[in-house]
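Visitor: Got a structure for you, start22.cif, holding mmCIF, C-alpha atoms.
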```cif
data_final
#
loop_
_atom_site.label_atom_id
_atom_site.label_comp_id
_atom_site.auth_asym_id
_atom_site.auth_seq_id
_atom_site.Cartn_x
_atom_site.Cartn_y
_atom_site.Cartn_z
CA MET A 284 10.01 7.69 -17.42
CA ARG A 285 10.03 8.02 -13.63
CA LYS A 286 12.73 6.83 -11.27
CA LEU A 287 10.25 5.47 -8.75
CA ILE A 288 6.53 4.74 -8.43
CA ILE A 289 5.14 3.91 -4.99
CA ILE A 290 1.86 1.98 -4.86
CA GLY A 291 -0.02 2.48 -1.60
CA SER A 292 -0.65 5.40 0.74
CA GLY A 293 -0.49 3.99 4.25
CA PRO A 294 2.39 4.59 6.67
CA ALA A 295 4.71 2.39 4.54
CA GLY A 296 3.95 4.17 1.26
CA TYR A 297 4.16 7.71 2.64
CA THR A 298 7.32 7.04 4.68
CA ALA A 299 8.97 5.54 1.61
CA ALA A 300 7.85 8.66 -0.28
CA ILE A 301 9.32 11.02 2.35
CA TYR A 302 12.73 9.31 2.15
CA ALA A 303 12.71 8.88 -1.62
CA ALA A 304 11.62 12.47 -2.22
CA ARG A 305 14.33 13.79 0.09
CA GLY A 306 16.75 11.61 -1.85
CA GLY A 307 15.78 13.45 -5.04
CA LEU A 308 13.87 10.58 -6.64
CA GLU A 309 10.72 12.68 -7.30
CA PRO A 310 8.44 9.69 -6.64
CA LEU A 311 4.95 9.27 -8.02
CA LEU A 312 2.68 7.78 -5.34
CA VAL A 313 -0.53 6.04 -6.42
CA ALA A 314 -2.80 6.50 -3.42
CA SER A 315 -6.03 4.73 -4.52
CA SER A 316 -9.15 6.73 -5.39
CA VAL A 317 -11.24 5.68 -2.39
CA GLU A 318 -8.90 4.15 0.18
CA ALA A 319 -6.17 6.78 0.23
CA GLY A 320 -4.41 6.87 3.61
CA GLY A 321 -4.89 3.16 4.20
CA GLU A 322 -6.11 1.36 7.25
CA LEU A 323 -5.49 4.20 9.72
CA MET A 324 -8.17 6.25 7.97
CA ASN A 325 -10.72 3.97 9.63
CA THR A 326 -9.30 4.22 13.14
CA THR A 327 -9.93 6.80 15.81
CA GLU A 328 -7.25 7.62 18.38
CA VAL A 329 -3.75 6.25 17.69
CA GLU A 330 -1.98 6.07 21.05
CA ASN A 331 1.19 4.15 20.19
CA PHE A 332 2.77 6.22 17.40
CA PRO A 333 5.92 7.75 18.92
CA GLY A 334 6.01 11.53 19.09
CA PHE A 335 2.34 12.03 19.90
CA PRO A 336 2.10 11.68 23.70
CA GLU A 337 -1.52 12.87 23.71
CA GLY A 338 -2.44 10.48 20.89
CA ILE A 339 -3.45 11.50 17.40
CA MET A 340 -6.46 10.66 15.24
CA GLY A 341 -5.61 8.12 12.52
CA PRO A 342 -6.84 10.28 9.62
CA GLU A 343 -4.92 13.30 10.96
CA LEU A 344 -1.72 11.27 11.21
CA MET A 345 -2.10 10.16 7.59
CA THR A 346 -2.79 13.73 6.42
CA LYS A 347 0.43 14.84 8.12
CA MET A 348 2.40 12.00 6.52
CA GLN A 349 1.05 12.97 3.11
CA GLU A 350 1.93 16.65 3.66
CA GLN A 351 5.44 15.64 4.68
CA ALA A 352 5.85 13.50 1.54
CA GLU A 353 4.49 16.27 -0.73
CA ARG A 354 6.69 18.92 0.89
CA PHE A 355 9.75 17.19 -0.55
CA GLY A 356 8.35 16.68 -4.03
CA THR A 357 6.21 13.54 -3.99
CA GLU A 358 3.43 13.62 -6.58
CA VAL A 359 0.27 11.96 -5.22
CA LEU A 360 -2.30 10.50 -7.63
CA TYR A 361 -5.77 9.52 -6.40
CA ASP A 362 -6.18 6.58 -8.71
CA ASP A 363 -6.11 2.78 -8.58
CA VAL A 364 -3.62 0.45 -10.14
CA THR A 365 -5.44 -2.00 -12.41
CA ALA A 366 -2.42 -3.76 -13.94
CA LEU A 367 1.31 -4.05 -13.32
CA ASP A 368 4.00 -5.21 -15.69
CA LEU A 369 7.09 -5.85 -13.58
CA GLY A 370 9.10 -8.24 -15.75
CA GLY A 371 11.38 -5.93 -17.74
CA GLU A 372 13.84 -3.22 -16.74
CA VAL A 373 11.08 -0.68 -17.32
CA LYS A 374 8.15 -1.28 -14.95
CA LYS A 375 4.74 -0.34 -16.27
CA VAL A 376 1.82 0.71 -14.05
CA THR A 377 -1.69 0.98 -15.54
CA LEU A 378 -4.33 3.02 -13.69
CA GLY A 379 -8.12 2.99 -13.47
CA SER A 380 -8.26 6.19 -15.51
CA GLY A 381 -6.59 4.31 -18.36
CA ALA A 382 -3.34 6.25 -18.03
CA SER A 383 -0.09 4.36 -17.64
CA HIS A 384 3.23 5.32 -16.09
CA GLU A 385 6.71 3.83 -16.30
CA ALA A 386 9.54 3.70 -13.78
CA SER A 387 12.87 2.03 -13.09
CA ALA A 388 11.76 0.97 -9.61
CA ILE A 389 8.50 0.14 -7.86
CA ILE A 390 7.70 0.08 -4.15
CA PHE A 391 4.68 -2.12 -3.56
CA ALA A 392 2.98 -1.07 -0.31
CA THR A 393 -0.65 -2.05 -0.75
CA GLY A 394 -1.18 -3.20 2.83
CA SER A 395 -3.89 -5.63 3.76
CA ALA A 396 -7.66 -5.99 3.63
CA PRO A 397 -10.04 -7.09 6.41
CA ARG A 398 -10.46 -10.86 6.58
CA LYS A 399 -13.95 -12.27 6.08
CA ILE A 400 -15.52 -14.92 8.32
CA GLY A 401 -16.41 -16.89 5.19
CA ILE A 402 -20.03 -17.87 5.84
CA GLU A 403 -23.05 -17.45 3.60
CA GLY A 404 -24.96 -14.69 5.42
CA GLU A 405 -21.85 -12.53 5.68
CA GLN A 406 -21.67 -11.47 2.03
CA ARG A 407 -25.46 -11.20 1.66
CA LEU A 408 -25.84 -8.90 4.69
CA SER A 409 -22.65 -6.91 4.21
CA GLY A 410 -23.68 -3.26 4.53
CA HIS A 411 -26.97 -4.36 6.08
CA GLY A 412 -25.68 -5.01 9.57
CA VAL A 413 -22.43 -6.83 8.76
CA SER A 414 -19.57 -4.32 8.89
CA TYR A 415 -15.77 -4.23 8.80
CA CYS A 416 -15.47 -0.63 10.03
CA ALA A 417 -16.76 0.46 13.42
CA THR A 418 -15.88 4.13 12.94
CA CYS A 419 -17.79 4.16 9.63
CA ASP A 420 -20.94 2.35 10.68
CA GLY A 421 -21.20 2.44 14.50
CA PHE A 422 -23.34 5.58 14.33
CA PHE A 423 -26.25 3.57 12.89
CA PHE A 424 -26.51 1.23 15.88
CA ARG A 425 -27.61 3.66 18.57
CA GLU A 426 -29.26 1.93 21.53
CA GLN A 427 -29.00 -1.45 19.80
CA GLN A 428 -27.39 -4.74 20.77
CA ILE A 429 -24.49 -5.64 18.52
CA ALA A 430 -21.52 -8.00 18.36
CA VAL A 431 -17.84 -7.72 17.56
CA VAL A 432 -15.98 -10.83 16.37
CA GLY A 433 -12.30 -11.20 17.20
CA GLY A 434 -9.79 -11.26 20.04
CA GLY A 435 -7.05 -8.84 19.00
CA ASP A 436 -6.40 -5.15 19.55
CA SER A 437 -8.66 -4.11 16.67
CA ALA A 438 -11.58 -6.08 18.10
CA MET A 439 -11.09 -4.48 21.55
CA GLU A 440 -10.76 -1.01 20.05
CA GLU A 441 -13.87 -1.44 17.90
CA ALA A 442 -15.92 -2.84 20.79
CA THR A 443 -14.88 -0.02 23.11
CA PHE A 444 -15.64 2.58 20.43
CA LEU A 445 -19.03 1.01 19.66
CA THR A 446 -20.18 1.37 23.29
CA LYS A 447 -20.54 5.10 22.52
CA PHE A 448 -23.57 4.17 20.42
CA ALA A 449 -24.79 0.68 21.24
CA SER A 450 -26.62 -0.31 24.41
CA LYS A 451 -24.70 -3.60 24.53
CA VAL A 452 -21.64 -4.99 22.73
CA TYR A 453 -20.85 -8.71 22.76
CA ILE A 454 -17.29 -9.69 21.93
CA ILE A 455 -17.33 -13.13 20.34
CA HIS A 456 -14.07 -15.00 20.47
CA ARG A 457 -13.12 -18.54 19.50
CA ARG A 458 -10.89 -19.15 22.49
CA ASP A 459 -11.00 -18.31 26.21
CA GLU A 460 -8.17 -15.80 26.13
CA LEU A 461 -7.38 -12.73 24.06
CA ARG A 462 -4.53 -11.86 21.71
CA ALA A 463 -5.04 -8.17 22.42
CA SER A 464 -2.50 -6.09 24.35
CA LYS A 465 -2.93 -5.79 28.10
CA ILE A 466 -4.12 -2.18 28.07
CA MET A 467 -6.76 -2.84 25.39
CA GLN A 468 -8.01 -5.93 27.25
CA GLU A 469 -8.33 -4.07 30.53
CA ARG A 470 -10.23 -1.27 28.86
CA ALA A 471 -12.71 -3.76 27.40
CA PHE A 472 -13.06 -5.73 30.64
CA ALA A 473 -13.78 -2.51 32.56
CA ASN A 474 -16.52 -1.40 30.16
CA GLU A 475 -19.96 -2.21 31.57
CA LYS A 476 -21.60 -2.35 28.14
CA ILE A 477 -19.22 -5.06 26.90
CA GLU A 478 -19.90 -8.75 27.51
CA PHE A 479 -17.50 -11.47 26.42
CA VAL A 480 -18.79 -14.59 24.70
CA TRP A 481 -15.87 -17.02 25.00
CA ASN A 482 -15.15 -20.21 23.06
CA SER A 483 -17.68 -19.35 20.38
CA GLU A 484 -17.64 -19.03 16.64
CA ILE A 485 -20.26 -17.65 14.27
CA VAL A 486 -21.71 -20.33 11.99
CA ASP A 487 -24.58 -18.28 10.52
CA ILE A 488 -25.82 -14.71 10.32
CA LEU A 489 -29.61 -14.44 10.43
CA GLY A 490 -31.90 -11.92 8.74
CA ASP A 491 -33.52 -11.28 5.36
CA ASP A 492 -32.83 -7.59 4.66
CA ALA A 493 -30.98 -6.78 7.86
CA VAL A 494 -29.11 -8.68 10.55
CA SER A 495 -31.43 -10.04 13.24
CA GLY A 496 -29.13 -12.46 15.02
CA LEU A 497 -26.18 -14.82 14.98
CA VAL A 498 -25.93 -18.57 15.30
CA LEU A 499 -23.00 -19.39 17.55
CA ARG A 500 -21.28 -22.72 18.01
CA ASP A 501 -19.48 -23.50 21.24
CA THR A 502 -15.93 -24.52 20.28
CA VAL A 503 -15.60 -26.74 23.39
CA ASP A 504 -18.81 -28.81 23.46
CA GLY A 505 -20.11 -28.16 19.93
CA SER A 506 -23.53 -26.89 21.07
CA THR A 507 -25.20 -24.12 19.07
CA ARG A 508 -27.34 -21.17 20.16
CA GLU A 509 -28.74 -17.94 18.80
CA LEU A 510 -27.69 -14.47 19.88
CA PRO A 511 -30.11 -11.68 18.92
CA VAL A 512 -28.12 -8.70 17.59
CA THR A 513 -28.80 -6.14 14.86
CA GLY A 514 -25.20 -5.66 13.85
CA VAL A 515 -21.96 -7.62 13.70
CA PHE A 516 -18.55 -6.02 13.31
CA VAL A 517 -15.86 -8.35 11.97
CA ALA A 518 -12.32 -7.80 13.32
CA ILE A 519 -10.63 -11.16 12.88
CA GLY A 520 -7.49 -10.01 11.13
CA ASN A 521 -6.28 -8.97 7.72
CA ASP A 522 -5.00 -10.58 4.55
CA PRO A 523 -2.19 -9.07 2.47
CA ARG A 524 -3.38 -7.35 -0.72
CA THR A 525 -1.32 -9.15 -3.34
CA HIS A 526 -3.79 -9.83 -6.17
CA LEU A 527 -1.98 -7.45 -8.55
CA VAL A 528 1.28 -9.38 -8.30
CA HIS A 529 0.26 -13.03 -7.76
CA GLN A 530 1.80 -14.19 -11.03
CA GLN A 531 4.79 -11.86 -10.87
CA LEU A 532 6.32 -11.90 -7.38
CA ASP A 533 7.19 -14.80 -5.08
CA LEU A 534 4.96 -15.08 -2.01
CA THR A 535 5.61 -16.70 1.37
CA GLU A 536 3.58 -19.51 2.97
CA HIS A 537 1.64 -16.75 4.80
CA GLY A 538 0.58 -15.19 1.50
CA THR A 539 2.75 -12.14 2.09
CA ILE A 540 5.31 -10.94 -0.46
CA TRP A 541 8.65 -12.68 -0.15
CA VAL A 542 11.62 -10.37 0.45
CA ASP A 543 15.33 -11.08 0.76
CA GLY A 544 16.24 -11.15 4.47
CA ARG A 545 15.73 -7.83 6.22
CA SER A 546 15.74 -5.96 2.92
CA SER A 547 12.71 -4.95 0.86
CA ARG A 548 13.98 -6.68 -2.30
CA THR A 549 11.35 -8.96 -3.84
CA SER A 550 12.02 -11.83 -6.23
CA VAL A 551 12.05 -9.37 -9.17
CA PRO A 552 14.92 -6.85 -9.51
CA GLY A 553 13.71 -3.26 -9.22
CA VAL A 554 10.58 -4.23 -7.33
CA PHE A 555 10.55 -3.57 -3.60
CA ALA A 556 7.86 -4.20 -0.97
CA ALA A 557 7.00 -2.41 2.26
CA GLY A 558 4.51 -2.54 5.10
CA ASP A 559 1.75 -5.00 5.91
CA VAL A 560 1.88 -6.63 2.47
CA LEU A 561 5.12 -8.37 3.52
CA ASP A 562 4.49 -8.61 7.27
CA PRO A 563 2.45 -11.52 8.65
CA THR A 564 3.35 -10.75 12.27
CA TYR A 565 3.78 -7.18 13.52
CA ARG A 566 1.57 -5.04 11.27
CA GLN A 567 1.82 -1.77 13.18
CA ALA A 568 1.82 1.78 11.81
CA VAL A 569 5.36 2.21 13.14
CA THR A 570 6.72 -1.05 11.73
CA ALA A 571 5.10 -0.25 8.38
CA ALA A 572 6.75 3.19 8.43
CA GLY A 573 10.12 1.55 9.24
CA SER A 574 9.59 -0.88 6.40
CA GLY A 575 8.87 2.02 4.04
CA THR A 576 12.21 3.55 5.03
CA VAL A 577 14.02 0.30 4.23
CA ALA A 578 12.36 0.19 0.81
CA ALA A 579 13.27 3.79 -0.06
CA LEU A 580 16.91 3.25 0.92
CA ASP A 581 17.03 -0.02 -1.04
CA VAL A 582 15.65 1.80 -4.09
CA GLU A 583 18.31 4.50 -3.79
CA HIS A 584 21.01 1.82 -3.80
CA PHE A 585 19.39 -0.03 -6.68
CA LEU A 586 19.14 3.11 -8.82
CA ALA A 587 22.70 4.16 -7.93
CA GLU A 588 23.90 0.78 -9.18
CA LEU A 589 21.80 1.11 -12.33
CA GLY A 590 23.71 4.33 -12.91
CA ASP A 591 20.73 6.59 -13.39
CA ALA A 592 20.08 7.60 -9.80
CA GLY A 593 19.57 11.24 -8.99
CA ALA A 594 21.46 10.93 -5.74
CA PRO A 595 25.11 9.88 -5.48
CA GLU A 596 26.07 7.30 -2.86
CA GLU A 597 27.24 9.78 -0.17
CA ASP A 598 23.85 11.47 -0.10
CA VAL A 599 22.13 8.44 1.36
CA SER A 600 24.06 8.26 4.64
CA PRO A 601 21.75 7.59 7.60
CA ILE A 602 22.34 11.05 9.10
CA ASP A 603 21.32 12.84 5.91
CA ALA A 604 18.32 10.60 5.51
CA LEU A 605 16.79 11.71 8.81
CA PRO A 606 13.68 13.87 8.40
CA ALA A 607 14.34 17.59 8.81
CA VAL A 608 13.43 19.05 12.18
CA MET B 61 -22.71 21.04 -12.47
CA THR B 62 -21.54 19.17 -9.39
CA ALA B 63 -23.82 17.16 -7.12
CA LYS B 64 -26.23 19.24 -5.00
CA ALA B 65 -27.44 18.59 -1.48
CA THR B 66 -30.92 17.38 -0.61
CA SER B 67 -32.65 17.22 2.78
CA GLU B 68 -35.75 15.96 4.55
CA SER B 69 -37.64 19.16 3.75
CA THR B 70 -36.97 18.98 0.00
CA TRP B 71 -36.87 15.16 -0.31
CA GLN B 72 -40.34 14.79 -1.85
CA GLN B 73 -39.73 17.17 -4.75
CA ASP B 74 -35.98 16.46 -5.16
CA VAL B 75 -36.20 12.67 -5.15
CA ILE B 76 -39.67 11.11 -4.97
CA ASP B 77 -41.40 13.34 -7.54
CA ALA B 78 -38.32 13.81 -9.72
CA GLU B 79 -38.40 13.04 -13.42
CA GLY B 80 -35.66 10.60 -14.37
CA PRO B 81 -33.27 8.67 -12.17
CA VAL B 82 -31.82 10.27 -9.03
CA LEU B 83 -28.75 8.90 -7.26
CA VAL B 84 -28.72 9.82 -3.57
CA ASP B 85 -25.42 9.59 -1.68
CA PHE B 86 -26.05 9.02 2.04
CA TRP B 87 -22.95 10.43 3.72
CA ALA B 88 -21.49 12.09 6.84
CA GLU B 89 -18.59 14.41 7.66
CA TRP B 90 -16.95 11.84 9.96
CA CYS B 91 -16.95 9.10 7.33
CA GLY B 92 -13.56 8.90 5.61
CA PRO B 93 -14.68 6.75 2.68
CA CYS B 94 -17.59 9.20 2.09
CA ARG B 95 -15.16 12.08 1.71
CA MET B 96 -13.24 10.07 -0.89
CA VAL B 97 -16.30 9.15 -2.94
CA GLY B 98 -17.84 12.67 -2.82
CA PRO B 99 -15.61 14.23 -5.50
CA ILE B 100 -16.04 11.12 -7.70
CA LEU B 101 -19.83 11.57 -7.58
CA ASP B 102 -19.37 15.25 -8.46
CA GLU B 103 -17.45 14.17 -11.56
CA ILE B 104 -20.09 11.60 -12.48
CA GLN B 105 -22.77 14.32 -12.21
CA THR B 106 -20.75 16.77 -14.30
CA GLU B 107 -20.09 14.22 -17.02
CA ASN B 108 -23.66 12.86 -17.14
CA ASP B 109 -25.78 15.96 -16.88
CA GLY B 110 -29.29 15.19 -18.11
CA LYS B 111 -28.92 11.42 -17.73
CA ILE B 112 -28.92 11.17 -13.93
CA THR B 113 -29.26 13.61 -11.05
CA VAL B 114 -26.77 13.08 -8.21
CA LEU B 115 -27.79 14.42 -4.78
CA LYS B 116 -26.04 14.23 -1.40
CA LEU B 117 -27.91 13.60 1.82
CA ASN B 118 -26.12 14.24 5.12
CA VAL B 119 -27.28 11.49 7.54
CA ASP B 120 -26.39 13.55 10.64
CA GLU B 121 -28.70 16.36 9.54
CA ASN B 122 -31.37 14.03 8.15
CA PRO B 123 -31.55 11.05 10.53
CA ASN B 124 -35.19 10.20 9.74
CA LEU B 125 -34.46 9.47 6.09
CA ALA B 126 -31.39 7.41 7.05
CA MET B 127 -33.66 5.37 9.32
CA GLU B 128 -36.49 5.10 6.78
CA TYR B 129 -34.13 3.66 4.16
CA GLN B 130 -32.43 1.40 6.74
CA ILE B 131 -28.97 2.83 6.23
CA THR B 132 -26.45 0.90 8.39
CA SER B 133 -23.30 1.59 6.41
CA ILE B 134 -22.08 4.65 4.55
CA PRO B 135 -21.39 5.73 1.95
CA ALA B 136 -24.63 4.19 0.66
CA MET B 137 -25.78 5.23 -2.79
CA LYS B 138 -29.36 4.56 -3.86
CA VAL B 139 -30.80 5.17 -7.31
CA PHE B 140 -34.44 6.29 -7.16
CA ASN B 141 -36.71 6.13 -10.18
CA LYS B 142 -40.32 7.31 -9.95
CA GLY B 143 -40.00 7.34 -6.17
CA GLN B 144 -38.78 3.75 -5.87
CA VAL B 145 -35.29 2.47 -5.04
CA GLU B 146 -33.99 0.69 -8.14
CA LYS B 147 -30.40 0.11 -7.12
CA THR B 148 -28.27 0.23 -3.97
CA ILE B 149 -24.48 0.54 -3.92
CA ILE B 150 -22.77 0.26 -0.55
CA GLY B 151 -19.22 1.37 0.17
CA ALA B 152 -16.75 3.67 -1.55
CA LYS B 153 -15.62 2.42 -4.94
CA PRO B 154 -13.25 3.77 -7.59
CA LYS B 155 -14.83 5.83 -10.37
CA PHE B 156 -14.58 3.11 -13.00
CA ALA B 157 -16.36 0.65 -10.69
CA LEU B 158 -19.17 3.12 -9.92
CA GLU B 159 -19.59 3.87 -13.62
CA LYS B 160 -19.90 0.14 -14.25
CA ASP B 161 -22.55 -0.19 -11.49
CA LEU B 162 -24.45 2.76 -12.98
CA ALA B 163 -23.96 1.77 -16.62
CA THR B 164 -27.71 1.39 -17.34
CA TYR B 165 -28.26 5.04 -16.32
CA LEU B 166 -25.12 6.57 -17.83
CA GLY B 167 -25.17 4.69 -21.15
#
```
The structure in this file should be written as structure tokens.
Guide:
Amino acid sequence: MRKLIIIGSGPAGYTAAIYAARGGLEPLLVASSVEAGGELMNTTEVENFPGFPEGIMGPELMTKMQEQAERFGTEVLYDDVTALDLGGEVKKVTLGSGASHEASAIIFATGSAPRKIGIEGEQRLSGHGVSYCATCDGFFFREQQIAVVGGGDSAMEEATFLTKFASKVYIIHRRDELRASKIMQERAFANEKIEFVWNSEIVDILGDDAVSGLVLRDTVDGSTRELPVTGVFVAIGNDPRTHLVHQQLDLTEHGTIWVDGRSSRTSVPGVFAAGDVLDPTYRQAVTAAGSGTVAALDVEHFLAELGDAGAPEEDVSPIDALPAV
Amino acid sequence: MTAKATSESTWQQDVIDAEGPVLVDFWAEWCGPCRMVGPILDEIQTENDGKITVLKLNVDENPNLAMEYQITSIPAMKVFNKGQVEKTIIGAKPKFALEKDLATYLG
């Protein structure tokens, strides 16, 4: 039996792994078979992660985090958790391969998944012009007119990135002001290929085999109109990925995993949460990493109290827990 | 045997004129999810030799085929049989999910 299994391989999962591995817990990290590295794998330049003044590519940052976790003894498995049994003192994790693993503690750091608009044409045309990943699919919209839905940083980043390919990018937003940070807004406003469509929501996506246009409804006067585009990129937020633990852990009114105060302790002893799966508000790479640290330190305390921890209490002082330079 | 590469110049013989089903993985270097699904497709090829042929088509090097088959999202996996597309799978999926999608060919 393991001391600790970490589920998730974004900034929260890998940071938890770095701390736990340095604490001697020899964690097993289940990274997913196709989404290893998490949300940052689908981003381009990350400009707000401290320590990288020139910026760093999202996938490169995640590769470095993984290397750092493995350097101290984390075992990474490219597999998917299909079932979790968290009730007893021994936690059981079943994987897509059919294998199962047991541990005294679990860190649940599964992050979040892109939110859908929730209209009929969206599902039908997904992969045929409806996309949730600009870096993956932007390439196929060279010299075409496309739309981005959303008003946050991700929507601005995607729209700006897509102007490398598209001849025109409409940003469709329900209100007349943006949630995005100042610098991302200014970048979008300054881009000649970007046009804002304010106070509008998508009520239908048109096209038989491929997207040919959108039906927009004006949120102020209720009027509808069509916008001819061949692609629509959805960036309207994320929902926490909690389906594996719905019946087992308490959730908050936001659908995120409930934790005790500023700790990572969930409603079940021995189960800890980290990153976007418990965070309805901040959802940054850095806050997720910080949350992963909290979870790893909470696990060390939990295992020390159980009496089977590898590391005695004095080894988890904050100074010792700092990453090696 | 892992999955081999195909291209516009060998497309006709590799895919259209092939005997038996051929799964073509439309992919690119810059596509993170493609890099994750690549090794899974290699495994599927190795474990199902003789039942299905798995080929990889780089969309950067073969843009005409990507356009002809209206690829707008990768990875896109299409199963060809007697020159016709019989099945399309879009997006990276875990191995067990791909095997389920391909069950009629792997069975």
Visitor: Give as a count of residues only the residues that the PyMOL selection byres ((chain B) within 8 of (chain A)) matches when applied to the coordinates above.
Guide: 18
Visitor: Under the rule that all atoms listed in the file are counted, which of B:Met137, B:Ile104, B:Leu125, B:Asp161 is the nearest residue to Trp71 of chain B?
Guide: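 Comparing B:Met137, B:Ile104, B:Leu125, B:Asp161 against Trp71 of chain B, the winner is B:Leu125.
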Visitor: As an exercise, work out the distance from atom CA of Arg500 of chain A to atom CA of Asp487 of chain A in Å and give it to one decimal place.
Guide: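 Atom-to-atom, atom CA of Arg500 of chain A to atom CA of Asp487 of chain A, that is 9.3 Å.
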Visitor: Translate the PyMOL selection byres ((chain B and resi 111) around 7), as applied to the file shown, into an explicit residue set as a list in words.
Guide: Asn108, Asp109, Gly110, Ile112, Tyr165 and Leu166 of chain B
Visitor: I need the chosen residues saved as a PDB file, in the coordinates of the input, with C-alpha atoms.
Guide:
```pdb
ATOM      1  CA  ASN B 108     -23.660  12.860 -17.140  1.00  0.00           C
ATOM      2  CA  ASP B 109     -25.780  15.960 -16.880  1.00  0.00           C
ATOM      3  CA  GLY B 110     -29.290  15.190 -18.110  1.00  0.00           C
ATOM      4  CA  ILE B 112     -28.920  11.170 -13.930  1.00  0.00           C
ATOM      5  CA  TYR B 165     -28.260   5.040 -16.320  1.00  0.00           C
ATOM      6  CA  LEU B 166     -25.120   6.570 -17.830  1.00  0.00           C
TER       7      LEU B 166
END
```
Visitor: Calculate how many Å separate atom CA of Thr298 of chain A from atom CA of Arg95 of chain B, rounding to one decimal.
Guide: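 It comes out at 23.2 Å.
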Visitor: Determine the residue membership of the PyMOL selection byres ((chain A and resi 496) around 9) for the file above and supply it as number ranges by chain.
Guide: A: 429, 487-490, 494-495, 497-498, 509-515
Visitor: One number please: atom CA of Gly98 of chain B to atom CA of Gln567 of chain A, in Å, one decimal.
Guide: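 For atom CA of Gly98 of chain B relative to atom CA of Gln567 of chain A, the distance reads 29.2 Å.
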Visitor: Return the single residue from A:Val329, A:Ile389, A:Leu499, A:Val431 that is closest to Ile289 of chain A, with distances computed using all atoms listed in the file.
Guide: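 Of the candidates, the smallest distance to Ile289 of chain A is held by A:Ile389.
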